[in-house]
>>> print(open('model02.cif').read())   # mmCIF, C-alpha atoms
data_structure
loop_
_atom_site.label_atom_id
_atom_site.label_comp_id
_atom_site.auth_asym_id
_atom_site.auth_seq_id
_atom_site.Cartn_x
_atom_site.Cartn_y
_atom_site.Cartn_z
CA MET A 9 0.00 0.00 0.00
CA LEU A 10 2.87 2.37 0.78
CA LEU A 11 4.44 1.66 -2.60
CA SER A 12 1.11 2.28 -4.36
CA LEU A 13 0.63 5.53 -2.45
CA ALA A 14 4.12 6.69 -3.41
CA ILE A 15 3.38 6.06 -7.10
CA LEU A 16 -0.06 7.64 -6.91
CA SER A 17 1.37 10.74 -5.21
CA VAL A 18 3.12 11.49 -8.50
CA HIS A 19 0.43 10.37 -10.94
CA VAL A 20 -3.06 11.04 -9.49
CA PRO A 21 -5.50 11.84 -11.08
CA GLY A 22 -3.58 10.36 -14.00
CA SER A 23 -2.39 11.49 -17.41
CA TYR A 24 -5.22 12.12 -19.86
CA THR A 25 -4.93 12.02 -23.63
CA GLN A 26 -7.66 12.91 -26.11
CA ASP A 27 -8.89 9.31 -25.96
CA SER A 28 -8.88 9.37 -22.15
CA LEU A 29 -11.03 12.50 -22.06
CA TYR A 30 -13.41 11.14 -24.70
CA THR A 31 -13.84 7.96 -22.64
CA LEU A 32 -14.32 10.02 -19.46
CA ASN A 33 -17.15 11.87 -21.18
CA GLU A 34 -18.67 8.55 -22.26
CA ALA A 35 -18.45 7.27 -18.68
CA LEU A 36 -20.18 10.43 -17.45
CA THR A 37 -22.90 10.82 -20.06
CA THR A 38 -23.47 7.71 -22.20
CA PRO A 39 -25.75 4.84 -21.09
CA VAL A 40 -24.30 1.34 -21.17
CA GLY A 41 -25.40 -0.21 -24.45
CA GLN A 42 -24.75 3.01 -26.35
CA LEU A 43 -21.01 3.22 -25.74
CA ASN A 44 -18.50 3.47 -28.59
CA GLU A 45 -16.85 0.19 -29.56
CA TRP A 46 -13.88 2.10 -30.96
CA LEU A 47 -12.72 3.05 -27.45
CA SER A 48 -13.41 -0.12 -25.42
CA PRO A 49 -16.93 -0.08 -23.95
CA ALA A 50 -15.83 -2.38 -21.09
CA TYR A 51 -13.19 0.14 -19.98
CA ALA A 52 -15.74 2.97 -20.07
CA SER A 53 -18.27 0.81 -18.17
CA ILE A 54 -15.81 0.01 -15.36
CA TRP A 55 -14.85 3.67 -15.04
CA LYS A 56 -18.53 4.65 -15.11
CA ALA A 57 -19.32 2.24 -12.26
CA MET A 58 -16.46 3.57 -10.11
CA ILE A 59 -17.44 7.19 -10.78
CA LEU A 60 -21.05 6.48 -9.81
CA VAL A 61 -19.99 4.76 -6.57
CA ALA A 62 -17.62 7.61 -5.70
CA ALA A 63 -20.33 10.16 -6.50
CA ALA A 64 -22.78 8.29 -4.25
CA PHE A 65 -20.35 8.88 -1.37
CA HIS A 66 -20.19 12.58 -2.34
CA ALA A 67 -16.57 12.36 -3.46
CA SER A 68 -15.21 15.31 -5.43
CA PRO A 69 -14.92 15.17 -9.24
CA PHE A 70 -11.15 15.03 -8.76
CA PHE A 71 -11.44 11.81 -6.74
CA GLN A 72 -14.06 10.39 -9.10
CA MET A 73 -11.72 10.88 -12.05
CA SER A 74 -8.83 9.39 -10.07
CA THR A 75 -10.54 6.04 -9.50
CA MET A 76 -9.18 4.49 -12.69
CA CYS A 77 -5.61 5.57 -11.96
CA VAL A 78 -5.93 4.13 -8.44
CA LEU A 79 -7.40 0.83 -9.71
CA GLN A 80 -4.66 0.32 -12.30
CA THR A 81 -1.89 1.05 -9.80
CA LEU A 82 -3.27 -1.18 -7.03
CA LEU A 83 -3.78 -4.13 -9.39
CA ILE A 84 -0.28 -3.93 -10.85
CA ILE A 85 1.57 -3.38 -7.58
CA GLY A 86 -0.52 -5.98 -5.73
CA ALA A 87 0.03 -8.64 -8.37
CA LEU A 88 3.73 -7.81 -8.71
CA ILE A 89 4.44 -8.06 -4.97
CA ARG A 90 2.38 -11.25 -4.66
CA LEU A 91 4.28 -12.92 -7.50
CA LEU A 92 7.67 -11.93 -6.05
CA HIS A 93 6.76 -13.06 -2.53
CA SER A 94 5.31 -16.38 -3.67
CA ASN A 95 8.35 -17.26 -5.78
CA SER A 96 11.06 -16.44 -3.23
CA ARG A 97 11.92 -16.68 0.43
CA MET A 98 11.69 -12.91 0.85
CA THR A 99 9.50 -11.19 3.40
CA TRP A 100 6.64 -9.01 2.20
CA TRP A 101 8.88 -5.98 2.73
CA GLY A 102 11.60 -7.57 0.62
CA ALA A 103 9.12 -8.36 -2.15
CA ALA A 104 7.84 -4.79 -2.00
CA GLY A 105 11.42 -3.53 -2.32
CA VAL A 106 12.05 -5.55 -5.49
CA ALA A 107 8.63 -4.49 -6.82
CA ALA A 108 9.63 -0.87 -6.21
CA ALA A 109 12.78 -1.40 -8.28
CA VAL A 110 10.69 -2.83 -11.14
CA ALA A 111 8.06 -0.08 -10.89
CA SER A 112 10.65 2.71 -10.82
CA TRP A 113 12.18 1.63 -14.14
CA PRO A 114 11.50 4.65 -16.43
CA ALA A 115 9.83 2.64 -19.19
CA ILE A 116 7.40 1.18 -16.64
CA PHE A 117 6.89 4.18 -14.37
CA VAL A 118 5.92 6.50 -17.22
CA TYR A 119 2.68 4.61 -17.87
CA PHE A 120 1.45 3.98 -14.33
CA GLY A 121 -0.46 7.23 -14.55
CA GLU A 122 -1.68 6.81 -18.13
CA VAL A 123 -5.45 6.49 -17.88
CA TRP A 124 -6.08 4.21 -20.82
CA ARG A 125 -7.08 0.67 -21.67
CA ASP A 126 -3.55 -0.59 -22.40
CA VAL A 127 -2.57 -0.07 -18.76
CA LEU A 128 -5.68 -1.73 -17.33
CA MET A 129 -5.24 -4.64 -19.76
CA ALA A 130 -1.65 -5.08 -18.54
CA ALA A 131 -2.82 -4.92 -14.93
CA LEU A 132 -5.44 -7.63 -15.51
CA LEU A 133 -2.97 -9.86 -17.35
CA LEU A 134 -0.51 -9.56 -14.46
CA VAL A 135 -3.27 -10.46 -11.99
CA ALA A 136 -4.16 -13.49 -14.14
CA VAL A 137 -0.50 -14.61 -14.13
CA GLY A 138 -0.47 -14.30 -10.35
CA LEU A 139 -3.60 -16.45 -10.07
CA LEU A 140 -2.21 -19.08 -12.44
CA ASP A 141 1.04 -19.14 -10.48
CA SER A 142 -1.02 -19.76 -7.35
CA VAL A 143 -2.79 -22.63 -9.11
CA ARG A 144 0.59 -24.11 -10.00
CA ARG A 145 1.59 -24.15 -6.35
CA ARG A 146 -1.72 -24.97 -4.63
CA ARG A 147 -3.83 -26.70 -7.30
CA SER A 148 -6.85 -24.51 -6.56
CA ARG A 149 -9.62 -24.87 -9.13
CA GLY A 150 -11.25 -21.74 -7.76
CA ALA A 151 -8.14 -19.72 -8.56
CA LEU A 152 -8.04 -21.30 -12.02
CA VAL A 153 -11.62 -20.27 -12.75
CA ALA A 154 -10.87 -16.79 -11.39
CA ALA A 155 -7.83 -16.52 -13.67
CA ILE A 156 -9.92 -17.37 -16.73
CA GLY A 157 -12.49 -14.78 -15.66
CA VAL A 158 -9.81 -12.12 -15.30
CA LEU A 159 -8.44 -13.03 -18.74
CA PHE A 160 -11.93 -12.57 -20.21
CA LEU A 161 -12.12 -9.11 -18.63
CA GLY A 162 -8.62 -8.29 -19.89
CA GLY A 163 -9.64 -9.35 -23.38
CA LEU A 164 -12.46 -6.81 -23.30
CA MET A 165 -9.96 -3.98 -22.90
CA ARG A 166 -8.26 -4.30 -26.30
CA GLN A 167 -9.34 -6.05 -29.47
CA ASN A 168 -6.00 -7.80 -29.97
CA ALA A 169 -5.51 -8.67 -26.28
CA ILE A 170 -6.49 -12.23 -27.17
CA ALA A 171 -3.01 -12.63 -28.70
CA ALA A 172 -1.38 -11.88 -25.34
CA GLU A 173 -3.78 -14.27 -23.62
CA MET A 174 -3.30 -17.33 -25.82
CA PRO A 175 -0.13 -18.52 -23.99
CA LEU A 176 -1.90 -17.98 -20.67
CA PHE A 177 -4.85 -20.08 -21.86
CA LEU A 178 -2.37 -22.84 -22.65
CA TRP A 179 -0.84 -22.51 -19.18
CA ALA A 180 -4.29 -22.68 -17.61
CA SER A 181 -5.06 -25.80 -19.64
CA LEU A 182 -1.80 -27.46 -18.58
CA LEU A 183 -2.67 -26.76 -14.96
CA TRP A 184 -6.09 -28.36 -15.32
CA PRO A 185 -5.83 -32.10 -14.50
CA CYS A 186 -6.72 -34.02 -17.66
CA GLY A 187 -5.49 -37.38 -18.90
CA GLU A 188 -2.68 -39.68 -17.82
CA GLY A 189 0.80 -39.51 -19.28
CA MET A 190 2.70 -36.53 -20.63
CA ARG A 191 1.69 -36.96 -24.29
CA LYS A 192 -2.01 -37.35 -23.55
CA ARG A 193 -1.90 -34.48 -21.09
CA ARG A 194 -0.30 -32.15 -23.62
CA LEU A 195 -2.80 -33.02 -26.35
CA CYS A 196 -5.66 -32.49 -23.91
CA ALA A 197 -4.18 -29.15 -22.83
CA MET A 198 -3.78 -27.93 -26.41
CA GLY A 199 -7.38 -28.84 -27.15
CA MET A 200 -8.60 -27.03 -24.03
CA ALA A 201 -6.46 -23.98 -24.86
CA ALA A 202 -7.93 -23.79 -28.37
CA ALA A 203 -11.46 -24.12 -26.96
CA LEU A 204 -10.76 -21.40 -24.39
CA THR A 205 -9.36 -19.05 -27.02
CA VAL A 206 -12.32 -19.49 -29.36
CA GLY A 207 -14.86 -19.36 -26.53
CA ILE A 208 -13.39 -16.25 -24.90
CA ALA A 209 -13.01 -14.49 -28.26
CA ALA A 210 -16.66 -15.19 -29.13
CA SER A 211 -17.76 -14.07 -25.66
CA ILE A 212 -15.82 -10.81 -26.04
CA VAL A 213 -17.57 -10.08 -29.34
CA MET A 214 -21.00 -10.75 -27.79
CA ALA A 215 -20.18 -8.64 -24.71
CA ASN A 216 -19.11 -5.71 -26.91
CA ARG A 217 -22.33 -5.99 -28.89
CA LEU A 218 -24.28 -5.68 -25.64
CA LEU A 219 -22.21 -2.77 -24.33
CA ALA A 220 -21.79 -0.74 -27.52
CA SER A 221 -24.06 0.66 -30.20
CA THR A 222 -21.47 0.99 -32.98
CA ASN A 223 -20.08 -2.53 -33.05
CA VAL A 224 -19.73 -2.91 -36.81
CA GLY A 225 -16.01 -3.66 -36.86
CA ARG A 226 -15.00 0.00 -36.99
CA VAL A 227 -12.19 -0.70 -34.53
CA THR A 228 -10.12 -2.20 -37.35
CA SER A 229 -10.89 0.50 -39.91
CA ALA A 230 -8.07 2.82 -38.74
CA THR A 231 -5.45 0.12 -39.35
CA ILE A 232 -7.05 -0.87 -42.66
CA CYS A 233 -7.07 2.73 -43.95
CA TYR A 234 -3.50 3.22 -42.75
CA ASP A 235 -2.47 0.06 -44.63
CA LEU A 236 -4.21 1.28 -47.77
CA MET A 237 -2.33 4.58 -47.53
CA GLY A 238 1.00 2.76 -47.16
CA ILE A 239 0.28 0.45 -50.08
CA SER A 240 -0.95 3.36 -52.22
CA VAL A 241 2.31 5.28 -51.74
CA ARG A 242 4.42 2.27 -52.73
CA ALA A 243 2.15 1.05 -55.54
CA ASN A 244 1.64 4.59 -56.93
CA ALA A 245 -2.14 4.21 -56.99
CA LEU A 246 -4.96 5.51 -54.81
CA LEU A 247 -6.40 2.41 -53.12
CA VAL A 248 -8.49 4.06 -50.40
CA PRO A 249 -12.17 3.75 -51.51
CA ARG A 250 -13.50 7.00 -52.98
CA SER A 251 -16.78 6.39 -51.17
CA LEU A 252 -14.97 6.74 -47.82
CA THR A 253 -13.01 9.92 -48.52
CA VAL A 254 -13.76 13.59 -49.01
CA PRO A 255 -14.09 14.63 -52.72
CA GLU A 256 -10.68 16.35 -52.94
CA TYR A 257 -8.80 13.31 -51.58
CA THR A 258 -6.14 12.18 -54.10
CA LEU A 259 -2.91 10.20 -54.31
CA LEU A 260 -1.04 13.45 -53.69
CA THR A 261 -3.02 13.82 -50.46
CA VAL A 262 -1.92 10.34 -49.40
CA ARG A 263 1.72 11.09 -50.21
CA SER A 264 1.66 14.30 -48.17
CA ARG A 265 0.11 12.64 -45.11
CA TYR A 266 1.56 9.15 -45.00
CA GLN A 267 4.37 8.55 -42.50
CA ASP A 268 5.80 5.62 -40.56
CA GLU A 269 4.84 7.06 -37.14
CA TYR A 270 1.06 7.08 -37.26
CA GLY A 271 -1.78 7.20 -39.73
CA ASP A 272 -2.95 10.73 -40.53
CA LEU A 273 -6.47 9.85 -41.65
CA THR A 274 -7.63 13.41 -42.23
CA GLY A 275 -10.03 13.31 -45.16
CA VAL A 276 -10.94 9.64 -44.64
CA VAL A 277 -14.51 8.92 -43.56
CA PHE A 278 -14.77 5.94 -41.20
CA PRO A 279 -17.44 3.33 -42.01
CA SER A 280 -20.75 3.94 -40.25
CA THR A 281 -22.55 0.77 -41.33
CA GLY A 282 -21.75 -2.91 -41.61
CA ALA A 283 -21.99 -2.71 -45.42
CA GLU A 284 -19.39 0.06 -45.56
CA MET A 285 -17.09 -1.93 -43.30
CA LYS A 286 -17.40 -4.99 -45.57
CA THR A 287 -16.56 -2.83 -48.60
CA LEU A 288 -13.47 -1.44 -46.88
CA ALA A 289 -12.33 -4.91 -45.79
CA ALA A 290 -12.76 -6.25 -49.33
CA VAL A 291 -10.73 -3.38 -50.80
CA TRP A 292 -7.97 -3.98 -48.22
CA ALA A 293 -7.84 -7.75 -48.94
CA ARG A 294 -7.64 -7.10 -52.69
CA ALA A 295 -4.83 -4.54 -52.18
CA VAL A 296 -2.80 -6.91 -49.99
CA VAL A 297 -3.14 -9.77 -52.50
CA THR A 298 -2.33 -7.51 -55.48
CA HIS A 299 0.58 -5.67 -53.80
CA PRO A 300 2.01 -8.03 -51.12
CA THR A 301 5.50 -6.53 -51.23
CA ALA A 302 4.17 -3.00 -50.73
CA TYR A 303 2.04 -4.22 -47.83
CA LEU A 304 4.95 -5.97 -46.10
CA GLN A 305 7.23 -2.97 -46.63
CA HIS A 306 4.62 -0.70 -45.08
CA ARG A 307 4.03 -3.00 -42.08
CA TRP A 308 7.77 -3.43 -41.47
CA SER A 309 8.27 0.34 -41.66
CA VAL A 310 5.66 0.82 -38.93
CA THR A 311 6.88 -2.13 -36.85
CA SER A 312 10.54 -1.08 -36.91
CA ARG A 313 9.49 2.36 -35.65
CA LEU A 314 7.23 0.80 -33.01
CA LEU A 315 10.13 -1.34 -31.74
CA GLY A 316 12.53 1.59 -31.76
CA ILE A 317 14.79 0.02 -34.39
CA SER A 318 14.37 3.12 -36.55
CA GLY A 319 13.63 6.38 -34.82
CA MET A 320 11.87 6.40 -31.47
CA PRO A 321 8.35 5.26 -30.57
CA HIS A 322 6.06 7.91 -29.14
CA LEU A 323 5.99 8.14 -25.36
CA ALA A 324 2.94 9.32 -23.42
CA TYR A 325 1.15 12.04 -25.35
CA PHE A 326 1.09 14.25 -22.27
CA TYR A 327 2.21 14.08 -18.68
CA GLY A 328 -0.77 15.36 -16.75
CA ILE A 329 -3.94 16.78 -18.31
CA PRO A 330 -3.98 19.21 -21.26
CA GLN A 331 -6.73 21.49 -19.94
CA THR A 332 -7.25 23.10 -23.34
CA TYR A 333 -8.75 19.77 -24.46
CA TYR A 334 -11.49 19.75 -21.81
CA PRO A 335 -14.03 21.91 -23.72
CA ARG A 336 -13.56 19.77 -26.85
CA TYR A 337 -14.07 16.36 -25.23
CA VAL A 338 -15.85 16.72 -21.86
CA SER A 339 -19.32 18.25 -21.63
CA ASP A 340 -19.56 18.61 -17.82
CA ARG A 341 -17.48 21.56 -16.60
CA ALA A 342 -17.45 20.17 -13.06
CA TYR A 343 -14.87 17.64 -14.26
CA TYR A 344 -12.42 20.20 -15.65
CA VAL A 345 -10.00 19.41 -12.83
CA PRO A 346 -6.38 20.63 -12.95
CA PHE A 347 -3.36 18.35 -12.71
CA PRO A 348 -1.89 19.35 -9.30
CA ASP A 349 1.57 20.86 -9.41
CA SER A 350 4.32 19.72 -7.03
CA GLY A 351 8.09 19.34 -6.91
CA PRO A 352 8.09 15.58 -7.64
CA ARG A 353 5.62 16.03 -10.52
CA ARG A 354 7.70 18.80 -12.07
CA TRP A 355 10.83 16.65 -11.75
CA VAL A 356 9.13 13.67 -13.41
CA ALA A 357 7.67 15.86 -16.18
CA GLY A 358 11.07 17.37 -16.89
CA ARG A 359 12.74 13.98 -16.83
CA LEU A 360 10.20 12.49 -19.25
CA ALA A 361 10.58 15.46 -21.59
CA ARG A 362 14.33 14.73 -21.87
CA VAL A 363 14.20 10.94 -22.01
CA ARG A 364 15.08 9.52 -25.42
CA ASN A 365 17.48 6.75 -24.46
CA TRP A 366 17.78 3.01 -24.87
CA ALA A 367 15.40 2.32 -21.95
CA PHE A 368 12.51 3.24 -24.28
CA ARG A 369 13.48 1.08 -27.25
CA PRO A 370 11.12 -1.94 -27.22
CA TRP A 371 13.39 -4.11 -29.39
CA ILE A 372 15.76 -4.41 -26.41
CA TYR A 373 12.94 -5.81 -24.28
CA GLY A 374 12.08 -8.11 -27.17
CA LEU A 375 15.58 -9.58 -27.06
CA MET A 376 15.32 -9.98 -23.28
CA THR A 377 11.99 -11.74 -23.80
CA ILE A 378 13.61 -14.27 -26.12
CA GLY A 379 16.42 -14.72 -23.58
CA VAL A 380 14.02 -15.51 -20.73
CA LEU A 381 12.08 -17.96 -22.93
CA LEU A 382 15.30 -19.83 -23.69
CA LEU A 383 16.52 -19.67 -20.10
CA ASP A 384 13.24 -20.86 -18.58
CA ARG A 385 12.20 -23.37 -21.24
CA LYS A 386 12.78 -26.38 -18.96
CA ARG A 387 11.11 -24.99 -15.84
CA VAL A 388 8.17 -23.42 -17.72
CA GLU A 389 7.05 -21.29 -14.79
CA ALA A 390 5.66 -17.76 -14.48
CA PRO A 391 8.66 -16.01 -16.16
CA PHE A 392 8.28 -18.24 -19.24
CA TRP A 393 4.55 -17.59 -19.60
CA LEU A 394 4.94 -13.85 -19.01
CA CYS A 395 7.44 -13.65 -21.86
CA ALA A 396 5.44 -15.97 -24.13
CA SER A 397 2.47 -13.64 -23.68
CA ALA A 398 4.58 -10.53 -24.31
CA GLY A 399 6.26 -12.03 -27.39
CA LEU A 400 3.04 -13.07 -29.09
CA TYR A 401 1.46 -9.71 -28.30
CA TRP A 402 4.37 -7.91 -29.98
CA VAL A 403 4.09 -10.15 -33.03
CA SER A 404 0.38 -9.30 -33.36
CA PHE A 405 1.22 -5.62 -33.80
CA PHE A 406 3.07 -6.31 -37.04
CA PHE A 407 -0.39 -6.71 -38.56
CA SER A 408 -2.49 -4.45 -36.34
CA ALA A 409 -0.55 -1.42 -35.07
CA PRO A 410 -2.21 1.81 -36.30
CA SER A 411 0.62 3.94 -34.87
CA THR A 412 3.96 3.65 -33.09
CA ASP A 413 2.90 4.68 -29.57
CA PHE A 414 5.03 3.22 -26.79
CA ARG A 415 1.86 2.21 -24.92
CA TYR A 416 1.41 -0.71 -27.34
CA SER A 417 4.69 -2.14 -26.02
CA TRP A 418 3.96 -1.50 -22.35
CA TRP A 419 2.60 -4.95 -21.52
CA GLY A 420 5.70 -6.48 -23.09
CA VAL A 421 8.00 -4.21 -21.06
CA LEU A 422 6.14 -4.86 -17.78
CA ALA A 423 6.03 -8.61 -18.46
CA VAL A 424 9.72 -9.09 -19.23
CA MET A 425 10.89 -6.85 -16.37
CA THR A 426 8.66 -8.81 -13.98
CA ALA A 427 10.00 -12.06 -15.43
CA LEU A 428 13.59 -10.93 -14.94
CA ALA A 429 12.82 -9.98 -11.34
CA LEU A 430 11.25 -13.41 -10.74
CA VAL A 431 14.25 -15.18 -12.26
CA GLY A 432 16.54 -13.04 -10.11
CA VAL A 433 14.84 -13.76 -6.79
CA ARG A 434 14.51 -17.43 -7.69
CA THR A 435 18.21 -17.68 -8.50
CA ALA A 436 19.03 -15.93 -5.23
CA GLY A 437 17.14 -18.60 -3.28
CA GLY A 438 13.64 -19.23 -4.59
CA ARG A 439 11.16 -21.59 -3.01
CA PRO A 440 11.12 -25.17 -4.25
CA TRP A 441 8.14 -26.87 -5.82
CA ALA A 442 5.39 -27.92 -3.45
CA PRO A 443 5.71 -31.64 -2.62
CA GLY A 444 4.05 -33.75 -5.26
CA ALA A 445 3.22 -30.85 -7.56
CA PRO A 446 3.73 -31.89 -11.19
CA ALA A 447 5.53 -29.70 -13.67
CA ASP A 448 3.49 -27.50 -16.00
CA ALA A 449 4.77 -29.22 -19.12
#
>>> encode(input="model02.cif", output="structure tokens")
Amino acid sequence: MLLSLAILSVHVPGSYTQDSLYTLNEALTTPVGQLNEWLSPAYASIWKAMILVAAAFHASPFFQMSTMCVLQTLLIIGALIRLLHSNSRMTWWGAAGVAAAVASWPAIFVYFGEVWRDVLMAALLLVAVGLLDSVRRRRSRGALVAAIGVLFLGGLMRQNAIAAEMPLFLWASLLWPCGEGMRKRRLCAMGMAAALTVGIAASIVMANRLLASTNVGRVTSATICYDLMGISVRANALLVPRSLTVPEYTLLTVRSRYQDEYGDLTGVVFPSTGAEMKTLAAVWARAVVTHPTAYLQHRWSVTSRLLGISGMPHLAYFYGIPQTYYPRYVSDRAYYVPFPDSGPRRWVAGRLARVRNWAFRPWIYGLMTIGVLLLDRKRVEAPFWLCASAGLYWVSFFFSAPSTDFRYSWWGVLAVMTALALVGVRTAGGRPWAPGAPADA
């Protein structure tokens, strides 16, 4: 709790981007069932529930807005300390000390205050790993069911979160007692993992349809239009459908706006119906098949920037709250709260403004992820599954990243740094397996 309070003293009420403020307004004004699928209706619903509870206790708008920042921080720090304590002989204070070292790493600390779905998704995934690690040690079916429930909730945060969860579904399946003999057990586990993946993915789609009014697949349209711009530049042809652009939109427009950092979709009209989305998807599929080299060049250009191989990925849009954005995104003036100024906040803001070093290059964490996977391949414990989840999540962004924001890499950074801490405390004298507990694989 002390560690969480120290972190919150710098970040509360959190850093708000345009998307954060839009979602805040949805949480304040939009009924559940009419939320926008584009910006995670589950995230808005959770925030809405916490705001309503805080308002019922007559909490100030500042505290109501802070609830999401507090939730994200408590989940991450709680899960991190629990994992470290359970996998070592350290006291709770010792585990908290190592957790503080992990949390204070610049590439992790910068996003504790970011009020956005990527952070809550990472928090839920870390909680799920903690629950699965508990199942490994204690064989609790209740914890296993809870872990699957938390993974379902985490999958609701981001549309491609299922990629990060697939290794954890496999771990959960390996922990579930099924079949005799290693071969039969592995086949059973793979079947269960596939069923979990399909079932959870279908459940996420149905849940979004219940929570949101615009669930026509628009969440993928930004990436599709960005891909079409990248292919158009390389193929020297305008491939973005004329029906989804303003009249003056031309190939010259695409050339002037395309870049490898993010998609500038000014002039593109997002689909508003299922038919328009199908048309856009068909155009994209035809462009990829016709110009595969241009497509792969475009995706690698974006991915190399996302990983920090070329240039630098974008860090947090803002540290704090850009108050000039309030009138544009939030309709209730009571929630135009300032970001409190203090010495520690000013120091952090200044530090983040100057940071452009190797600590924020995701490719380095990718290499560490591969290293942990190789190192832990025989034990196949929490560090292995954390890195398997991070690695697959990074791979998914080759096809889905609409920009090169560092937040897309944050789960991978948190996962591998947690894994390294777990390997470190285990090497320094970790706890042995519980008597009679079988290996995970």
>>> closest_residue(input="model02.cif", among="A:Phe120, A:Trp46, A:Tyr234, A:Trp113", to="Met165 of chain A", atoms="all atoms listed in the file")
A:Trp46
>>> atom_distance(input="model02.cif", atom1="atom CA of Ser23 of chain A", atom2="atom CA of Trp124 of chain A")
8.8 Å
>>> residues_around(input="model02.cif", residues="Ile329 of chain A", least_positions_apart="6", cutoff="10 Å", atoms="only C-alpha atoms", output="PyMOL selection string")
chain A and resi 21-26+28-29+344-348
>>> atom_distance(input="model02.cif", atom1="atom CA of Ala87 of chain A", atom2="atom CA of Val135 of chain A")
5.2 Å
>>> residues_around(input="model02.cif", residues="segment 291-295 of chain A", least_positions_apart="4", cutoff="12 Å", atoms="only C-alpha atoms", output="ChimeraX atom specification")
/A:228-240,242-243,245-252,284-287,299-304
>>> write_last_selection(input="model02.cif", atoms="C-alpha atoms", output="PDB file, in the coordinates of the input")
ATOM      1  CA  THR A 228     -10.120  -2.200 -37.350  1.00  0.00           C
ATOM      2  CA  SER A 229     -10.890   0.500 -39.910  1.00  0.00           C
ATOM      3  CA  ALA A 230      -8.070   2.820 -38.740  1.00  0.00           C
ATOM      4  CA  THR A 231      -5.450   0.120 -39.350  1.00  0.00           C
ATOM      5  CA  ILE A 232      -7.050  -0.870 -42.660  1.00  0.00           C
ATOM      6  CA  CYS A 233      -7.070   2.730 -43.950  1.00  0.00           C
ATOM      7  CA  TYR A 234      -3.500   3.220 -42.750  1.00  0.00           C
ATOM      8  CA  ASP A 235      -2.470   0.060 -44.630  1.00  0.00           C
ATOM      9  CA  LEU A 236      -4.210   1.280 -47.770  1.00  0.00           C
ATOM     10  CA  MET A 237      -2.330   4.580 -47.530  1.00  0.00           C
ATOM     11  CA  GLY A 238       1.000   2.760 -47.160  1.00  0.00           C
ATOM     12  CA  ILE A 239       0.280   0.450 -50.080  1.00  0.00           C
ATOM     13  CA  SER A 240      -0.950   3.360 -52.220  1.00  0.00           C
ATOM     14  CA  ARG A 242       4.420   2.270 -52.730  1.00  0.00           C
ATOM     15  CA  ALA A 243       2.150   1.050 -55.540  1.00  0.00           C
ATOM     16  CA  ALA A 245      -2.140   4.210 -56.990  1.00  0.00           C
ATOM     17  CA  LEU A 246      -4.960   5.510 -54.810  1.00  0.00           C
ATOM     18  CA  LEU A 247      -6.400   2.410 -53.120  1.00  0.00           C
ATOM     19  CA  VAL A 248      -8.490   4.060 -50.400  1.00  0.00           C
ATOM     20  CA  PRO A 249     -12.170   3.750 -51.510  1.00  0.00           C
ATOM     21  CA  ARG A 250     -13.500   7.000 -52.980  1.00  0.00           C
ATOM     22  CA  SER A 251     -16.780   6.390 -51.170  1.00  0.00           C
ATOM     23  CA  LEU A 252     -14.970   6.740 -47.820  1.00  0.00           C
ATOM     24  CA  GLU A 284     -19.390   0.060 -45.560  1.00  0.00           C
ATOM     25  CA  MET A 285     -17.090  -1.930 -43.300  1.00  0.00           C
ATOM     26  CA  LYS A 286     -17.400  -4.990 -45.570  1.00  0.00           C
ATOM     27  CA  THR A 287     -16.560  -2.830 -48.600  1.00  0.00           C
ATOM     28  CA  HIS A 299       0.580  -5.670 -53.800  1.00  0.00           C
ATOM     29  CA  PRO A 300       2.010  -8.030 -51.120  1.00  0.00           C
ATOM     30  CA  THR A 301       5.500  -6.530 -51.230  1.00  0.00           C
ATOM     31  CA  ALA A 302       4.170  -3.000 -50.730  1.00  0.00           C
ATOM     32  CA  TYR A 303       2.040  -4.220 -47.830  1.00  0.00           C
ATOM     33  CA  LEU A 304       4.950  -5.970 -46.100  1.00  0.00           C
TER      34      LEU A 304
END
>>> residues_around(input="model02.cif", residues="Pro185 of chain A", least_positions_apart="2", cutoff="10 Å", atoms="all atoms listed in the file", output="short mmCIF file (atom, residue, chain, number, x, y, z; two decimals) with C-alpha atoms, in the frame of the given file")
data_model
loop_
_atom_site.label_atom_id
_atom_site.label_comp_id
_atom_site.auth_asym_id
_atom_site.auth_seq_id
_atom_site.Cartn_x
_atom_site.Cartn_y
_atom_site.Cartn_z
CA ARG A 147 -3.83 -26.70 -7.30
CA ARG A 149 -9.62 -24.87 -9.13
CA SER A 181 -5.06 -25.80 -19.64
CA LEU A 182 -1.80 -27.46 -18.58
CA LEU A 183 -2.67 -26.76 -14.96
CA GLY A 187 -5.49 -37.38 -18.90
CA GLU A 188 -2.68 -39.68 -17.82
CA ARG A 193 -1.90 -34.48 -21.09
CA CYS A 196 -5.66 -32.49 -23.91
CA ALA A 197 -4.18 -29.15 -22.83
#
>>> closest_residue(input="model02.cif", among="A:Ala209, A:Ala201, A:Leu161, A:Ala104", to="Met129 of chain A", atoms="only C-alpha atoms")
A:Leu161
>>> axis_aligned_box(input="model02.cif", around="segment 330-343 of chain A", padding_each_side="8 Å", output="AutoDock Vina command-line options")
--center_x -11.8 --center_y 19.7 --center_z -20.0 --size_x 31.6 --size_y 22.7 --size_z 29.8
>>> atom_distance(input="model02.cif", atom1="atom CA of Glu269 of chain A", atom2="atom CA of Tyr416 of chain A")
13.0 Å
>>> resolve_selection(input="model02.cif", expression="the PyMOL selection byres ((chain A and resi 218) around 10)", output="list in words")
Val40, Gly41, Gln42, Leu43, Pro49, Ile212, Val213, Met214, Ala215, Asn216, Arg217, Leu219, Ala220, Ser221 and Asn223 of chain A
